[in-house]
>>> print(open('target-v4.txt').read())   # compact mmCIF, C-alpha atoms
# COMPACT_ATOMS: atom_id res chain seq x y z
CA SER A 880 -133.33 -3.83 -97.49
CA ILE A 881 -132.86 -2.78 -101.10
CA GLN A 882 -129.73 -0.95 -102.23
CA LEU A 883 -130.09 1.01 -105.48
CA LEU A 884 -127.15 2.20 -107.54
CA VAL A 885 -127.62 4.25 -110.74
CA LEU A 886 -124.78 3.85 -113.25
CA GLN A 887 -124.03 5.89 -116.34
CA ASN A 888 -121.67 6.33 -119.30
CA TYR A 889 -119.16 3.69 -120.44
CA LEU A 890 -118.00 1.06 -117.93
CA PHE A 891 -114.41 -0.17 -117.93
CA PHE A 892 -112.08 -1.81 -115.43
CA GLY A 893 -111.47 1.34 -113.37
CA ASN A 894 -115.01 2.53 -112.69
CA ALA A 895 -116.38 -1.04 -112.54
CA SER A 896 -113.84 -1.84 -109.82
CA SER A 897 -115.11 1.15 -107.85
CA ILE A 898 -118.64 -0.26 -108.14
CA LEU A 899 -117.43 -3.63 -106.87
CA ASN A 900 -115.65 -2.07 -103.89
CA TYR A 901 -118.66 0.10 -103.06
CA ILE A 902 -121.05 -2.86 -103.11
CA GLY A 903 -118.59 -4.76 -100.93
CA THR A 904 -119.02 -2.14 -98.21
CA MET A 905 -122.73 -2.96 -98.08
CA PHE A 906 -121.86 -6.26 -96.42
CA GLU A 907 -119.09 -5.09 -94.10
CA ASP A 908 -119.48 -5.46 -90.35
CA PRO A 909 -118.81 -2.34 -88.27
CA GLU A 910 -115.44 -2.09 -86.57
CA ASP A 911 -117.08 -0.61 -83.48
CA GLU A 912 -120.32 -2.02 -82.04
CA THR A 913 -121.41 1.55 -81.24
CA GLU A 914 -121.73 2.15 -85.01
CA MET A 915 -124.48 -0.45 -85.41
CA GLY A 916 -127.26 2.09 -84.94
CA ALA A 917 -125.89 4.31 -87.71
CA LEU A 918 -125.57 1.54 -90.27
CA SER A 919 -128.26 0.52 -92.69
CA PRO A 920 -128.90 -3.24 -92.75
CA SER A 921 -127.10 -5.46 -95.23
CA PRO A 922 -129.19 -5.61 -98.40
CA LYS A 923 -131.34 -8.50 -99.53
CA VAL A 924 -131.43 -7.03 -103.04
CA VAL A 925 -128.79 -4.98 -104.87
CA LEU A 926 -130.42 -3.13 -107.77
CA LEU A 927 -128.25 -1.63 -110.50
CA ASP A 928 -129.90 0.79 -112.94
CA LEU A 929 -128.00 0.66 -116.27
CA THR A 930 -130.43 2.81 -118.26
CA LEU A 931 -127.75 5.48 -118.83
CA VAL A 932 -124.88 3.06 -119.47
CA THR A 933 -123.62 3.32 -123.06
CA GLY A 934 -121.45 0.19 -123.05
CA MET A 935 -118.85 -1.86 -121.19
CA ASP A 936 -115.65 -3.70 -122.00
CA THR A 937 -114.85 -7.33 -121.19
CA SER A 938 -113.05 -6.45 -117.96
CA ALA A 939 -116.19 -4.71 -116.70
CA VAL A 940 -118.25 -7.80 -117.54
CA ASP A 941 -115.82 -9.90 -115.47
CA ILE A 942 -116.24 -7.53 -112.53
CA PHE A 943 -120.03 -7.79 -112.79
CA SER A 944 -119.56 -11.55 -112.42
CA GLU A 945 -117.58 -10.87 -109.24
CA ILE A 946 -120.41 -8.65 -107.99
CA LEU A 947 -122.86 -11.49 -108.61
CA GLN A 948 -120.69 -13.98 -106.72
CA MET A 949 -120.36 -11.53 -103.83
CA CYS A 950 -124.13 -11.15 -103.63
CA LYS A 951 -124.62 -14.92 -103.74
CA GLY A 952 -122.15 -15.34 -100.90
CA HIS A 953 -124.21 -13.02 -98.70
CA GLY A 954 -127.63 -14.40 -99.61
CA CYS A 955 -128.43 -11.30 -101.67
CA LYS A 956 -130.07 -11.10 -105.09
CA LEU A 957 -128.75 -8.93 -107.93
CA PHE A 958 -131.30 -7.07 -110.07
CA LEU A 959 -130.33 -5.17 -113.23
CA ALA A 960 -132.70 -2.62 -114.77
CA GLY A 961 -132.69 -0.81 -118.11
CA VAL A 962 -130.07 -3.01 -119.79
CA SER A 963 -130.03 -2.39 -123.54
CA GLN A 964 -130.06 -5.30 -125.96
CA SER A 965 -126.48 -4.65 -127.11
CA LEU A 966 -125.26 -4.39 -123.53
CA ARG A 967 -126.98 -7.61 -122.57
CA GLN A 968 -125.38 -9.38 -125.53
CA SER A 969 -121.96 -8.22 -124.36
CA MET A 970 -122.72 -9.57 -120.89
CA HIS A 971 -123.93 -12.86 -122.32
CA LEU A 972 -120.79 -13.30 -124.41
CA GLY A 973 -118.72 -12.67 -121.28
CA GLY A 974 -120.55 -15.40 -119.36
CA PHE A 975 -122.71 -13.06 -117.29
CA ARG A 976 -126.20 -14.46 -117.65
CA PRO A 977 -129.13 -15.42 -115.37
CA ASP A 978 -129.23 -18.91 -113.91
CA LYS A 979 -132.32 -21.05 -114.44
CA PRO A 980 -133.13 -22.96 -111.24
CA ALA A 981 -136.18 -25.21 -111.02
CA ASN A 982 -137.75 -22.71 -108.63
CA PRO A 983 -137.91 -19.28 -110.36
CA SER A 984 -137.94 -17.47 -107.01
CA ALA A 985 -134.47 -18.86 -106.31
CA ARG A 986 -132.89 -16.88 -109.17
CA GLN A 987 -129.95 -14.82 -107.96
CA LEU A 988 -129.67 -12.62 -111.08
CA ARG A 989 -132.59 -11.00 -112.86
CA PHE A 990 -132.99 -8.43 -115.64
CA PHE A 991 -135.87 -5.93 -115.79
CA PRO A 992 -136.88 -3.48 -118.54
CA SER A 993 -137.17 -0.45 -116.26
CA LEU A 994 -136.25 0.76 -112.80
CA ASP A 995 -139.89 1.02 -111.70
CA VAL A 996 -140.54 -2.64 -112.50
CA ALA A 997 -137.33 -3.74 -110.77
CA ILE A 998 -138.14 -1.79 -107.59
CA GLY A 999 -141.64 -3.24 -107.51
CA LYS A 1000 -140.33 -6.80 -107.87
CA ALA A 1001 -137.71 -6.23 -105.19
CA GLU A 1002 -140.34 -4.89 -102.78
CA ASP A 1003 -142.62 -7.84 -103.52
CA LEU A 1004 -139.76 -10.24 -102.86
CA LEU A 1005 -138.96 -8.76 -99.45
CA LEU A 1006 -142.58 -8.46 -98.38
CA ASP A 1007 -143.40 -12.01 -99.44
CA GLU A 1008 -140.39 -13.22 -97.46
CA ALA A 1009 -141.52 -11.24 -94.42
CA HIS A 1010 -145.05 -12.63 -94.74
CA MET A 1011 -143.70 -16.17 -94.92
CA ASN A 1012 -141.58 -15.58 -91.83
CA GLU A 1013 -144.63 -14.27 -90.04
CA GLN A 1014 -146.62 -17.39 -90.92
CA ASN A 1015 -143.79 -19.68 -89.86
CA ALA A 1016 -143.45 -17.90 -86.55
CA GLY A 1017 -147.10 -18.53 -85.80
CA LYS A 1018 -149.78 -16.19 -84.56
CA THR A 1019 -149.47 -14.37 -81.26
CA GLY A 1020 -152.37 -13.40 -79.02
CA SER A 1021 -151.91 -9.69 -79.74
CA SER A 1022 -151.78 -8.16 -83.22
CA PHE A 1023 -150.05 -5.07 -81.76
CA LEU A 1024 -147.36 -7.20 -80.15
CA ALA A 1025 -147.00 -9.13 -83.42
CA ALA A 1026 -146.42 -5.83 -85.26
CA LEU A 1027 -143.80 -4.76 -82.71
CA GLN A 1028 -142.02 -8.09 -83.01
CA GLN A 1029 -141.93 -7.70 -86.79
CA ILE A 1030 -140.31 -4.27 -86.36
CA ASP A 1031 -137.68 -5.81 -84.09
CA GLN A 1032 -136.97 -8.55 -86.60
CA HIS A 1033 -136.71 -6.29 -89.67
CA HIS A 1034 -134.64 -3.54 -88.07
CA GLY A 1035 -132.52 -5.42 -85.54
CA LEU A 1036 -134.19 -3.74 -82.56
CA THR A 1037 -135.44 -4.90 -79.16
CA CYS A 1038 -138.26 -2.43 -78.61
CA SER A 1039 -141.28 -4.76 -78.54
CA SER A 1040 -141.16 -5.44 -74.79
CA ASP A 1041 -140.75 -1.73 -73.98
CA LEU A 1042 -143.61 -0.62 -76.24
CA ALA A 1043 -146.01 -3.45 -75.42
CA GLY A 1044 -147.42 -1.36 -72.58
CA LEU A 1045 -148.96 1.00 -75.13
CA GLU A 1046 -151.46 -1.64 -76.25
CA PRO A 1047 -154.37 -0.22 -74.17
CA PHE A 1048 -154.05 2.99 -76.21
CA VAL A 1049 -154.34 1.38 -79.65
CA HIS A 1050 -157.24 -0.26 -81.43
CA GLN A 1051 -157.36 -2.65 -84.35
CA ILE A 1052 -158.47 -1.56 -87.83
CA LEU A 1053 -159.35 -4.06 -90.54
CA VAL A 1054 -158.76 -2.77 -94.08
CA GLU A 1055 -160.69 -4.68 -96.72
CA PRO A 1056 -159.36 -5.19 -100.26
CA ARG A 1057 -159.56 -1.98 -102.38
CA GLN A 1058 -160.36 0.18 -99.35
CA VAL A 1059 -158.42 3.41 -98.85
CA LEU A 1060 -157.18 3.84 -95.31
CA TYR A 1061 -157.97 7.53 -94.80
CA GLU A 1062 -160.84 7.97 -97.26
CA ASP A 1063 -162.97 4.84 -96.85
CA LEU A 1064 -162.39 4.19 -93.15
CA ILE A 1065 -162.47 7.87 -92.16
CA VAL A 1066 -159.99 7.33 -89.37
CA GLU A 1067 -158.14 10.02 -87.46
CA ARG A 1068 -154.57 10.84 -88.34
CA GLY A 1069 -152.06 8.87 -86.33
CA LEU A 1070 -149.55 6.05 -86.41
CA PHE A 1071 -150.55 2.68 -87.83
CA PHE A 1072 -148.61 -0.50 -87.04
CA VAL A 1073 -149.05 -3.11 -89.79
CA SER A 1074 -149.36 -6.55 -88.19
CA SER A 1075 -150.48 -8.61 -91.19
CA GLY A 1076 -151.38 -8.22 -94.85
CA PHE A 1077 -150.21 -5.53 -97.25
CA LEU A 1078 -151.07 -1.92 -98.08
CA ARG A 1079 -150.21 -0.15 -101.32
CA CYS A 1080 -149.17 3.49 -101.52
CA GLN A 1081 -149.93 4.74 -105.03
CA GLN A 1082 -149.23 8.04 -106.82
CA ASP A 1083 -151.81 9.17 -109.37
CA ALA A 1084 -151.02 10.52 -112.83
CA GLN A 1085 -151.65 14.13 -111.79
CA SER A 1086 -148.40 14.21 -109.86
CA THR A 1087 -145.69 16.55 -111.10
CA MET A 1088 -142.82 14.44 -109.78
CA THR A 1089 -140.32 13.23 -112.37
CA ARG A 1090 -136.99 11.48 -112.24
CA THR A 1091 -135.27 14.80 -113.02
CA GLY A 1092 -137.61 17.22 -111.29
CA GLY A 1093 -139.87 17.53 -108.29
CA PHE A 1094 -137.04 17.65 -105.74
CA THR A 1095 -133.97 19.71 -105.07
CA ARG A 1096 -130.55 18.65 -103.91
CA ASP A 1097 -127.23 20.19 -103.01
CA GLU A 1098 -124.84 19.12 -105.76
CA HIS A 1099 -121.85 19.91 -103.55
CA SER A 1100 -122.99 17.29 -101.03
CA LEU A 1101 -123.05 14.48 -103.59
CA PRO A 1102 -119.91 12.36 -104.04
CA GLN A 1103 -118.30 12.55 -107.47
CA SER A 1104 -116.82 9.06 -107.21
CA LEU A 1105 -117.53 5.75 -105.52
CA ASN A 1106 -113.92 5.47 -104.40
CA ALA A 1107 -113.60 5.14 -100.62
CA LEU A 1108 -117.37 5.56 -100.23
CA ASN A 1109 -119.09 3.27 -97.74
CA ALA A 1110 -122.58 2.24 -98.83
CA ARG A 1111 -123.85 1.45 -95.35
CA MET A 1112 -123.07 4.94 -94.04
CA VAL A 1113 -124.77 6.83 -96.89
CA ASP A 1114 -128.24 8.27 -96.41
CA ALA A 1115 -130.97 7.15 -98.82
CA ALA A 1116 -131.02 9.28 -101.96
CA SER A 1117 -134.09 11.09 -103.26
CA LYS A 1118 -136.11 9.07 -105.76
CA GLY A 1119 -138.38 10.33 -108.57
CA PHE A 1120 -140.60 8.63 -111.08
CA ASP A 1121 -141.95 8.99 -114.58
CA THR A 1122 -145.24 10.85 -114.99
CA GLY A 1123 -148.21 10.15 -117.18
CA ARG A 1124 -149.64 7.15 -115.31
CA SER A 1125 -150.41 5.85 -111.86
CA PHE A 1126 -147.59 4.00 -110.20
CA ARG A 1127 -146.85 2.36 -106.89
CA LEU A 1128 -144.67 4.24 -104.45
CA ALA A 1129 -144.47 1.41 -101.94
CA ARG A 1130 -146.02 -1.86 -100.87
CA ILE A 1131 -146.16 -1.92 -97.09
CA GLY A 1132 -146.29 -5.10 -95.06
CA PRO A 1133 -145.85 -6.45 -91.51
CA GLY A 1134 -143.21 -4.61 -89.53
CA SER A 1135 -143.99 -1.23 -91.07
CA ILE A 1136 -145.27 1.95 -89.42
CA ILE A 1137 -147.24 4.46 -91.50
CA GLY A 1138 -149.07 7.70 -90.89
CA GLY A 1139 -148.28 10.81 -88.92
CA GLY A 1140 -149.74 13.80 -87.20
>>> encode(input="target-v4.txt", output="structure tokens")
Amino acid sequence: SIQLLVLQNYLFFGNASSILNYIGTMFEDPEDETEMGALSPSPKVVLLDLTLVTGMDTSAVDIFSEILQMCKGHGCKLFLAGVSQSLRQSMHLGGFRPDKPANPSARQLRFFPSLDVAIGKAEDLLLDEAHMNEQNAGKTGSSFLAALQQIDQHHGLTCSSDLAGLEPFVHQILVEPRQVLYEDLIVERGLFFVSSGFLRCQQDAQSTMTRTGGFTRDEHSLPQSLNALNARMVDAASKGFDTGRSFRLARIGPGSIIGGG
């Protein structure tokens, strides 16, 4: 999974420590096994949006280094988006800089110019990893069963054997490159289990969604501080995007279910 955290204002030891503690809860194991179903999975990518950050002191830079080490220890990558040039120089002087392994895909820390680009790269990373796992696992006789097994693997479930009996009620659809699922194939509305390949969900430029508009929220329900907040028990926040161009909402791969009634 991808965990996104939007930061703002000036970062110092106090609020940076809260960020560190909050990210630490993303990797905590539940105290009670009955809580497993309520927890989101540990992230593969932690994405920090620093577009609204005005600066940080040296103690905050040190804590960002601790965040990076924590992510490395859990096999998680750290992506930073919207870092200004002056902020990046402060990080560099404090020793917080990307590593340069021989294999670029092995980089644990990466900087991106915008949140949209960072989210797209994070999605690509996870989907490419899932596709590689699918290839390594080998092909099964049933594409429907393969899709169910991918769902089990990605979400920690054991539903494939229970749902395999539904196979007589599904049929396979092959989507060619550049085809649109509902428009070009003229299929009925329903649920689609992705067994291989990738689909892109794209929003056109006529959309009125923005990062500050297009959705409503109850301000009283939002925490005012990261202190004592557990990342794995928090519901996903609403996300908006810049207008004026087409952009990708999601890239969907094996193990995903799309569609509806």
>>> residues_around(input="target-v4.txt", residues="A:Leu1027", least_positions_apart="6", cutoff="12 Å", atoms="all atoms listed in the file", output="number ranges by chain")
A: 1019, 1021, 1033-1046, 1071-1075, 1133-1136
>>> closest_residue(input="target-v4.txt", among="A:Val1049, A:Leu994, A:Leu1070, A:Leu957", to="A:Ser1022", atoms="only C-alpha atoms")
A:Val1049
>>> atom_distance(input="target-v4.txt", atom1="atom CA of A:Val925", atom2="atom CA of A:Asp978")
16.6 Å
>>> residues_around(input="target-v4.txt", residues="A:Phe975", least_positions_apart="6", cutoff="8 Å", atoms="all atoms listed in the file", output="list in words")
Val940, Asp941, Phe943 and Ser944 of chain A
>>> residues_around(input="target-v4.txt", residues="A:Cys955", least_positions_apart="6", cutoff="12 Å", atoms="only C-alpha atoms", output="ChimeraX atom specification")
/A:880-882,902-903,905-906,921-926,946-949,985-989,1001,1004-1005
>>> atom_distance(input="target-v4.txt", atom1="atom CA of A:Pro992", atom2="atom CA of A:Ser896")
24.7 Å
>>> residues_around(input="target-v4.txt", residues="A:Ala960", least_positions_apart="5", cutoff="7 Å", atoms="only C-alpha atoms", output="PyMOL selection string")
chain A and resi 927-930+990-994+997
>>> atom_distance(input="target-v4.txt", atom1="atom CA of A:Gly1132", atom2="atom CA of A:Arg1079")
8.9 Å
